[in-house]
Amino acid sequence: MSSGYPDVFSAPGRRIGVEEEEAVLRVLRSGHLWRVDGTDTPALEHEFAELMGTRHAAAFATGTASLHAAVAALDLEPGDEVIVPPITDAGTTIGVIAEGLVPVFADLDPVTGCLTAQTVAAAIGPRTRAVMVVHLFGGGADVEGIAEVCRPRGVRIIEDCAQAYWTRTPSGAVAGTVGDIGCFSLQQSKHVTTGDGGLLITDDPALARRARLFADKGWPREEGTRTHLEHGLNYRMSEPIAAVARVQITRAEGVVADRRRVAQAWDQALERPGLTLAPRPEDHSYWLYPVVIDPAVIDRDQLVARIRAVGLPASAGYLERVLYANPVFTQRRTFGTSGWPFTLSERGSPHCPQAEILVGSTLVTIAVNENLTPAQIETSARDLAQIAADLGSTDA
């Protein structure tokens, strides 16, 4: 970037140090790079569970794999429905479709972009078996409120925390610890990274066992026999990745704290009519810095262009379209031309007005980075304040 601001795709914007180098070299020199009979992957699982305050954790090759394993662990039947948000990465729904389940899109809070108890309740049907709650951009969804709707109905909850390390929910719980399962990503752009990788946490030993079996072809290796108990894939994490992850997860809390420090300065700069900032900033982990605009007051395209002009990466809407507007859903491009598993449901085409408004006209996201220097924070905040004042003036 011409401004010199760090980004997550190069060393200046990542916290990768000598500890990670030593961890990789230690594993390479051991000659044992495979998870099976390795030591770093089980150590990572133990350490992450302890860090998150849960009984179990499991490691996977990608964050999407952890979500897929979480869905598979629920042992649902083809045609069962899983409620999902329409503003999220496709990884949230890949495992749902792959398991023959039907994703049902529920609308979102117009500010946070997260599912709410009300939108989930409106989407629940007789075949609803689970809800995938995404803590979008690192803002904590009301999982507790959603749980009050779901648990009396026997509907399970998976928390997609790919963007939400050390995020807290409205009740103060750590994201990932309220639902039945929480899933985290170690992909390049996340708070902490191994390039790719995923982690799953749960207090339920049966769910933990099924998720682990699913990641290793249904093979209970601890029993000492080559038996495949049920369908599974090969989603194993390798030992070098686990070794790096063991170091990276210890950095997550500091990364989030420093992103909050940047966001605090930006909040002060952008506090003006026409701009709505993320609520509960002390609980937000700021994977991205979201702003919701009033289109009657602020021109979104102008705002994004001005932010980019000062060197900060900004996007209108985060996604080009809501997830269900992509061909995989509109054309049912799944298993050949069968349309399966959508053909197992009588649901009509999804329509989520608040989500469509966010993507189409009101949402702006700015890339935030933990490695901004004090001088860069001051400069960026000053630029944002000037942009907001200019765009809100009558002669803009």
# chains A, B, ... in the order shown; residues from 1 in each chain; ligands from 1
$ residues_around --residues "Thr343 in chain A" --least-positions-apart "2" --cutoff "12 Å" --atoms "only C-alpha atoms" --output "list of chain:residue names"
A:Pro78, A:Gly79, A:Asp80, A:Ile97, A:Gly100, A:Leu101, A:Val102, A:Pro103, A:Phe329, A:Gln331, A:Arg332, A:Arg333, A:Thr334, A:Phe335, A:Thr337, A:Ser338, A:Gly339, A:Trp340, A:Pro341, A:Ser345, A:Glu346, A:Arg347, A:Gly348
$ write_last_selection --atoms "N, CA, C and O atoms" --output "tab-separated table (two decimals), in the first residue's frame"
chain	number	residue	atom	x	y	z
A	78	PRO	N	-30.82	-36.38	5.95
A	78	PRO	CA	-30.98	-35.60	4.72
A	78	PRO	C	-32.33	-34.90	4.68
A	78	PRO	O	-33.36	-35.48	5.02
A	79	GLY	N	-32.30	-33.63	4.28
A	79	GLY	CA	-33.52	-32.84	4.24
A	79	GLY	C	-33.77	-32.05	5.50
A	79	GLY	O	-34.62	-31.15	5.51
A	80	ASP	N	-33.08	-32.37	6.58
A	80	ASP	CA	-33.17	-31.53	7.78
A	80	ASP	C	-32.63	-30.14	7.44
A	80	ASP	O	-31.79	-29.97	6.55
A	97	ILE	N	-24.65	-28.23	3.00
A	97	ILE	CA	-25.05	-28.83	1.73
A	97	ILE	C	-24.41	-30.19	1.54
A	97	ILE	O	-25.04	-31.15	1.10
A	100	GLY	N	-26.16	-33.10	2.95
A	100	GLY	CA	-27.52	-33.35	2.49
A	100	GLY	C	-28.57	-32.59	3.27
A	100	GLY	O	-29.75	-32.96	3.28
A	101	LEU	N	-28.15	-31.49	3.90
A	101	LEU	CA	-29.05	-30.67	4.69
A	101	LEU	C	-29.42	-29.42	3.90
A	101	LEU	O	-28.73	-29.04	2.95
A	102	VAL	N	-30.50	-28.79	4.27
A	102	VAL	CA	-30.99	-27.63	3.53
A	102	VAL	C	-30.68	-26.36	4.30
A	102	VAL	O	-31.16	-26.17	5.42
A	103	PRO	N	-29.87	-25.46	3.73
A	103	PRO	CA	-29.64	-24.17	4.40
A	103	PRO	C	-30.86	-23.28	4.25
A	103	PRO	O	-31.39	-23.10	3.15
A	329	PHE	N	-26.84	-21.35	-5.25
A	329	PHE	CA	-28.18	-21.39	-4.67
A	329	PHE	C	-29.27	-21.09	-5.70
A	329	PHE	O	-30.28	-21.79	-5.75
A	331	GLN	N	-29.18	-21.46	-8.94
A	331	GLN	CA	-29.24	-22.52	-9.96
A	331	GLN	C	-29.13	-23.92	-9.35
A	331	GLN	O	-29.12	-24.90	-10.07
A	332	ARG	N	-29.01	-23.96	-8.01
A	332	ARG	CA	-28.90	-25.22	-7.29
A	332	ARG	C	-27.78	-26.09	-7.86
A	332	ARG	O	-27.94	-27.28	-8.14
A	333	ARG	N	-26.62	-25.47	-8.00
A	333	ARG	CA	-25.45	-26.16	-8.57
A	333	ARG	C	-24.73	-26.91	-7.47
A	333	ARG	O	-23.76	-26.45	-6.89
A	334	THR	N	-25.22	-28.09	-7.16
A	334	THR	CA	-24.67	-28.87	-6.06
A	334	THR	C	-24.21	-30.24	-6.55
A	334	THR	O	-23.08	-30.39	-7.00
A	335	PHE	N	-25.10	-31.23	-6.54
A	335	PHE	CA	-24.75	-32.59	-6.96
A	335	PHE	C	-25.25	-32.80	-8.39
A	335	PHE	O	-26.39	-33.20	-8.61
A	337	THR	N	-26.89	-32.00	-11.74
A	337	THR	CA	-28.05	-31.14	-12.02
A	337	THR	C	-29.27	-31.56	-11.19
A	337	THR	O	-30.38	-31.14	-11.47
A	338	SER	N	-29.03	-32.35	-10.15
A	338	SER	CA	-30.14	-32.90	-9.35
A	338	SER	C	-30.85	-31.85	-8.51
A	338	SER	O	-32.03	-32.00	-8.17
A	339	GLY	N	-30.14	-30.79	-8.14
A	339	GLY	CA	-30.71	-29.81	-7.23
A	339	GLY	C	-30.77	-30.28	-5.79
A	339	GLY	O	-31.24	-29.56	-4.91
A	340	TRP	N	-30.26	-31.46	-5.54
A	340	TRP	CA	-30.25	-32.04	-4.19
A	340	TRP	C	-29.19	-31.32	-3.35
A	340	TRP	O	-28.16	-30.97	-3.88
A	341	PRO	N	-29.42	-31.04	-2.09
A	341	PRO	CA	-30.55	-31.42	-1.24
A	341	PRO	C	-31.70	-30.41	-1.21
A	341	PRO	O	-32.65	-30.59	-0.47
A	345	SER	N	-36.73	-29.93	0.25
A	345	SER	CA	-37.42	-28.90	1.03
A	345	SER	C	-38.49	-28.23	0.18
A	345	SER	O	-38.33	-28.08	-1.03
A	346	GLU	N	-39.55	-27.81	0.82
A	346	GLU	CA	-40.62	-27.07	0.15
A	346	GLU	C	-40.51	-25.58	0.40
A	346	GLU	O	-41.41	-24.82	0.06
A	347	ARG	N	-39.40	-25.15	0.98
A	347	ARG	CA	-39.18	-23.72	1.23
A	347	ARG	C	-39.12	-22.97	-0.10
A	347	ARG	O	-38.58	-23.46	-1.09
A	348	GLY	N	-39.65	-21.75	-0.10
A	348	GLY	CA	-39.54	-20.91	-1.28
A	348	GLY	C	-38.19	-20.21	-1.35
A	348	GLY	O	-37.30	-20.43	-0.51
$ select_by_dssp --residues "range 74-151 of chain A" --states "strand (DSSP E)" --output "NGL selection string"
:A and (81-84 or 102-105 or 128-134)
$ atom_distance --atom1 "CA of Phe137 in chain A" --atom2 "CA of Ala355 in chain A"
14.5 Å
$ select_by_dssp --residues "range 171-320 of chain A" --states "alpha helix (DSSP H)" --output "ChimeraX atom specification"
/A:205-214,239-248,252-270,300-309
$ write_last_selection --atoms "N, CA and C atoms" --output "CSV table (one decimal), in the first residue's frame"
chain,number,residue,atom,x,y,z
A,205,PRO,N,-18.7,-34.4,25.0
A,205,PRO,CA,-17.7,-35.4,24.6
A,205,PRO,C,-18.2,-36.2,23.3
A,206,ALA,N,-19.5,-36.5,23.2
A,206,ALA,CA,-20.0,-37.2,22.0
A,206,ALA,C,-19.8,-36.4,20.8
A,207,LEU,N,-20.1,-35.1,20.8
A,207,LEU,CA,-19.9,-34.3,19.6
A,207,LEU,C,-18.4,-34.2,19.3
A,208,ALA,N,-17.5,-34.1,20.3
A,208,ALA,CA,-16.1,-34.0,20.1
A,208,ALA,C,-15.6,-35.3,19.4
A,209,ARG,N,-16.1,-36.4,19.8
A,209,ARG,CA,-15.6,-37.7,19.3
A,209,ARG,C,-16.1,-37.8,17.8
A,210,ARG,N,-17.4,-37.5,17.6
A,210,ARG,CA,-17.9,-37.6,16.2
A,210,ARG,C,-17.1,-36.6,15.3
A,211,ALA,N,-16.8,-35.4,15.7
A,211,ALA,CA,-16.1,-34.5,14.9
A,211,ALA,C,-14.7,-35.0,14.5
A,212,ARG,N,-14.0,-35.6,15.5
A,212,ARG,CA,-12.7,-36.1,15.3
A,212,ARG,C,-12.8,-37.3,14.3
A,213,LEU,N,-13.7,-38.2,14.5
A,213,LEU,CA,-13.9,-39.3,13.6
A,213,LEU,C,-14.1,-38.8,12.2
A,214,PHE,N,-15.0,-37.8,12.1
A,214,PHE,CA,-15.3,-37.3,10.7
A,214,PHE,C,-14.0,-36.8,10.0
A,239,GLU,N,1.3,-31.8,11.6
A,239,GLU,CA,2.1,-31.4,12.7
A,239,GLU,C,2.8,-30.0,12.6
A,240,PRO,N,3.4,-29.7,11.4
A,240,PRO,CA,4.0,-28.3,11.3
A,240,PRO,C,3.0,-27.2,11.5
A,241,ILE,N,1.8,-27.4,10.9
A,241,ILE,CA,0.7,-26.4,11.1
A,241,ILE,C,0.3,-26.3,12.6
A,242,ALA,N,0.2,-27.4,13.2
A,242,ALA,CA,-0.2,-27.4,14.6
A,242,ALA,C,0.9,-26.7,15.5
A,243,ALA,N,2.1,-26.9,15.1
A,243,ALA,CA,3.2,-26.3,15.9
A,243,ALA,C,3.1,-24.8,15.8
A,244,VAL,N,2.9,-24.3,14.6
A,244,VAL,CA,2.7,-22.8,14.4
A,244,VAL,C,1.5,-22.4,15.2
A,245,ALA,N,0.4,-23.1,15.0
A,245,ALA,CA,-0.9,-22.7,15.7
A,245,ALA,C,-0.7,-22.6,17.2
A,246,ARG,N,0.1,-23.5,17.8
A,246,ARG,CA,0.3,-23.4,19.2
A,246,ARG,C,0.9,-22.1,19.7
A,247,VAL,N,1.7,-21.5,18.9
A,247,VAL,CA,2.3,-20.2,19.2
A,247,VAL,C,1.2,-19.1,18.8
A,248,GLN,N,0.6,-19.3,17.7
A,248,GLN,CA,-0.3,-18.2,17.2
A,248,GLN,C,-1.5,-18.0,18.2
A,252,ALA,N,-3.5,-14.3,20.2
A,252,ALA,CA,-4.8,-13.8,19.7
A,252,ALA,C,-5.3,-12.7,20.6
A,253,GLU,N,-5.2,-12.9,21.9
A,253,GLU,CA,-5.8,-11.9,22.8
A,253,GLU,C,-5.1,-10.5,22.7
A,254,GLY,N,-3.8,-10.5,22.4
A,254,GLY,CA,-3.1,-9.3,22.2
A,254,GLY,C,-3.4,-8.6,20.9
A,255,VAL,N,-3.6,-9.5,19.9
A,255,VAL,CA,-4.0,-9.0,18.6
A,255,VAL,C,-5.3,-8.3,18.7
A,256,VAL,N,-6.3,-8.9,19.3
A,256,VAL,CA,-7.6,-8.3,19.5
A,256,VAL,C,-7.5,-7.0,20.3
A,257,ALA,N,-6.8,-7.0,21.3
A,257,ALA,CA,-6.6,-5.8,22.2
A,257,ALA,C,-6.1,-4.6,21.3
A,258,ASP,N,-5.1,-4.9,20.5
A,258,ASP,CA,-4.6,-3.8,19.7
A,258,ASP,C,-5.5,-3.4,18.5
A,259,ARG,N,-6.3,-4.3,18.0
A,259,ARG,CA,-7.3,-3.9,17.0
A,259,ARG,C,-8.4,-3.0,17.7
A,260,ARG,N,-8.7,-3.4,18.9
A,260,ARG,CA,-9.7,-2.5,19.6
A,260,ARG,C,-9.1,-1.1,19.8
A,261,ARG,N,-7.8,-1.0,20.1
A,261,ARG,CA,-7.2,0.3,20.3
A,261,ARG,C,-7.3,1.1,19.0
A,262,VAL,N,-7.1,0.5,17.8
A,262,VAL,CA,-7.3,1.2,16.5
A,262,VAL,C,-8.8,1.6,16.4
A,263,ALA,N,-9.7,0.7,16.6
A,263,ALA,CA,-11.1,0.9,16.4
A,263,ALA,C,-11.6,2.1,17.3
A,264,GLN,N,-11.0,2.2,18.5
A,264,GLN,CA,-11.4,3.2,19.4
A,264,GLN,C,-11.1,4.6,18.8
A,265,ALA,N,-9.9,4.7,18.2
A,265,ALA,CA,-9.6,6.0,17.6
A,265,ALA,C,-10.5,6.3,16.4
A,266,TRP,N,-10.8,5.3,15.6
A,266,TRP,CA,-11.6,5.4,14.5
A,266,TRP,C,-13.1,5.8,14.9
A,267,ASP,N,-13.5,5.2,16.0
A,267,ASP,CA,-14.9,5.5,16.5
A,267,ASP,C,-15.0,7.0,16.8
A,268,GLN,N,-14.0,7.5,17.5
A,268,GLN,CA,-14.0,8.9,17.8
A,268,GLN,C,-14.0,9.8,16.6
A,269,ALA,N,-13.3,9.3,15.6
A,269,ALA,CA,-13.2,10.1,14.3
A,269,ALA,C,-14.5,10.1,13.5
A,270,LEU,N,-15.2,9.0,13.6
A,270,LEU,CA,-16.4,8.8,12.7
A,270,LEU,C,-17.7,9.0,13.5
A,300,ARG,N,-22.5,6.4,-0.1
A,300,ARG,CA,-21.6,5.3,0.2
A,300,ARG,C,-20.4,5.2,-0.8
A,301,ASP,N,-20.6,5.3,-2.1
A,301,ASP,CA,-19.5,5.2,-3.0
A,301,ASP,C,-18.5,6.3,-2.8
A,302,GLN,N,-18.9,7.5,-2.5
A,302,GLN,CA,-18.0,8.6,-2.2
A,302,GLN,C,-17.2,8.3,-0.9
A,303,LEU,N,-17.9,7.8,0.1
A,303,LEU,CA,-17.2,7.4,1.3
A,303,LEU,C,-16.1,6.4,1.1
A,304,VAL,N,-16.4,5.3,0.4
A,304,VAL,CA,-15.5,4.2,0.1
A,304,VAL,C,-14.3,4.8,-0.7
A,305,ALA,N,-14.6,5.6,-1.7
A,305,ALA,CA,-13.5,6.1,-2.6
A,305,ALA,C,-12.6,7.0,-1.8
A,306,ARG,N,-13.1,7.8,-0.9
A,306,ARG,CA,-12.3,8.7,-0.1
A,306,ARG,C,-11.4,8.0,0.9
A,307,ILE,N,-12.0,6.9,1.5
A,307,ILE,CA,-11.2,6.1,2.4
A,307,ILE,C,-10.1,5.4,1.7
A,308,ARG,N,-10.3,4.9,0.5
A,308,ARG,CA,-9.3,4.2,-0.2
A,308,ARG,C,-8.2,5.2,-0.7
A,309,ALA,N,-8.6,6.4,-0.9
A,309,ALA,CA,-7.7,7.4,-1.4
A,309,ALA,C,-6.6,7.8,-0.3
$ residues_around --residues "Leu199 in chain A" --least-positions-apart "2" --cutoff "8 Å" --atoms "only C-alpha atoms" --output "count of residues only"
13
$ residues_around --residues "Thr365 in chain A" --least-positions-apart "3" --cutoff "6 Å" --atoms "only C-alpha atoms" --output "number ranges by chain"
A: 289-290, 314-315
$ closest_residue --among "A:Thr119, A:Thr167, A:Thr362, A:Gln187" --to "Gly91 in chain A" --atoms "only C-alpha atoms"
A:Gln187
$ residues_around --residues "Ala123 in chain A" --least-positions-apart "5" --cutoff "10 Å" --atoms "only C-alpha atoms" --output "compact mmCIF listing (two decimals) with C-alpha atoms, in the first residue's frame"
# COMPACT_ATOMS: atom_id res chain seq x y z
CA VAL A 82 -30.01 -25.56 9.22
CA ILE A 83 -30.67 -21.83 9.65
CA VAL A 84 -27.80 -19.69 8.34
CA VAL A 104 -32.46 -21.81 5.37
CA PHE A 105 -31.53 -18.14 5.30
CA ALA A 106 -32.77 -15.92 8.12
CA ASP A 107 -32.59 -12.14 8.14
CA GLN A 118 -36.41 -12.82 16.39
CA THR A 128 -35.17 -27.16 11.62
$ atom_distance --atom1 "CA of Asn234 in chain A" --atom2 "CA of Met52 in chain A"
25.4 Å
$ residues_around --residues "range 177-182 of chain A" --least-positions-apart "6" --cutoff "7 Å" --atoms "only C-alpha atoms" --output "ChimeraX atom specification"
/A:70,143-144,156-161,200-202
$ write_last_selection --atoms "N, CA and C atoms" --output "mmCIF file, in the first residue's frame"
data_model
loop_
_atom_site.group_PDB
_atom_site.id
_atom_site.type_symbol
_atom_site.label_atom_id
_atom_site.label_comp_id
_atom_site.auth_asym_id
_atom_site.auth_seq_id
_atom_site.Cartn_x
_atom_site.Cartn_y
_atom_site.Cartn_z
ATOM 1 N N ALA A 70 -18.405 -29.990 12.390
ATOM 2 C CA ALA A 70 -19.401 -29.636 13.404
ATOM 3 C C ALA A 70 -20.795 -30.046 12.959
ATOM 4 N N VAL A 143 -26.151 -14.933 21.037
ATOM 5 C CA VAL A 143 -26.309 -16.384 21.058
ATOM 6 C C VAL A 143 -27.220 -16.813 22.200
ATOM 7 N N GLU A 144 -27.138 -16.124 23.304
ATOM 8 C CA GLU A 144 -27.985 -16.482 24.441
ATOM 9 C C GLU A 144 -29.471 -16.323 24.096
ATOM 10 N N ARG A 156 -30.047 -27.434 17.713
ATOM 11 C CA ARG A 156 -28.655 -27.263 18.144
ATOM 12 C C ARG A 156 -28.071 -25.970 17.583
ATOM 13 N N ILE A 157 -27.003 -25.491 18.217
ATOM 14 C CA ILE A 157 -26.380 -24.227 17.821
ATOM 15 C C ILE A 157 -24.892 -24.442 17.562
ATOM 16 N N ILE A 158 -24.470 -24.063 16.362
ATOM 17 C CA ILE A 158 -23.049 -24.013 16.013
ATOM 18 C C ILE A 158 -22.671 -22.542 15.883
ATOM 19 N N GLU A 159 -21.611 -22.137 16.535
ATOM 20 C CA GLU A 159 -21.112 -20.767 16.422
ATOM 21 C C GLU A 159 -19.932 -20.731 15.451
ATOM 22 N N ASP A 160 -20.086 -19.950 14.395
ATOM 23 C CA ASP A 160 -19.010 -19.717 13.442
ATOM 24 C C ASP A 160 -18.226 -18.505 13.926
ATOM 25 N N CYS A 161 -17.074 -18.791 14.532
ATOM 26 C CA CYS A 161 -16.225 -17.751 15.133
ATOM 27 C C CYS A 161 -14.989 -17.492 14.287
ATOM 28 N N LEU A 200 -12.093 -26.463 16.617
ATOM 29 C CA LEU A 200 -13.464 -26.663 17.080
ATOM 30 C C LEU A 200 -13.443 -26.866 18.584
ATOM 31 N N ILE A 201 -14.400 -26.259 19.282
ATOM 32 C CA ILE A 201 -14.492 -26.457 20.727
ATOM 33 C C ILE A 201 -15.898 -26.896 21.102
ATOM 34 N N THR A 202 -16.011 -27.692 22.154
ATOM 35 C CA THR A 202 -17.298 -28.137 22.663
ATOM 36 C C THR A 202 -17.118 -28.697 24.067
#
$ residues_around --residues "Val155 in chain A" --least-positions-apart "4" --cutoff "6 Å" --atoms "only C-alpha atoms" --output "ChimeraX atom specification"
/A:129-130,150-151
$ write_last_selection --atoms "N, CA, C and O atoms" --output "compact mmCIF listing (two decimals), in the first residue's frame"
# COMPACT_ATOMS: atom_id res chain seq x y z
N ARG A 129 -33.23 -28.24 12.53
CA ARG A 129 -32.47 -29.02 13.51
C ARG A 129 -31.28 -28.28 14.09
O ARG A 129 -30.74 -28.69 15.12
N ALA A 130 -30.84 -27.22 13.40
CA ALA A 130 -29.65 -26.50 13.88
C ALA A 130 -29.65 -25.08 13.35
O ALA A 130 -30.34 -24.76 12.37
N CYS A 150 -34.07 -21.67 20.61
CA CYS A 150 -33.73 -22.97 20.01
C CYS A 150 -33.80 -24.14 20.98
O CYS A 150 -34.30 -25.22 20.63
N ARG A 151 -33.29 -23.98 22.16
CA ARG A 151 -33.13 -25.14 23.05
C ARG A 151 -34.44 -25.79 23.46
O ARG A 151 -34.50 -27.03 23.51
$ atom_distance --atom1 "CA of Glu148 in chain A" --atom2 "CA of His191 in chain A"
29.8 Å
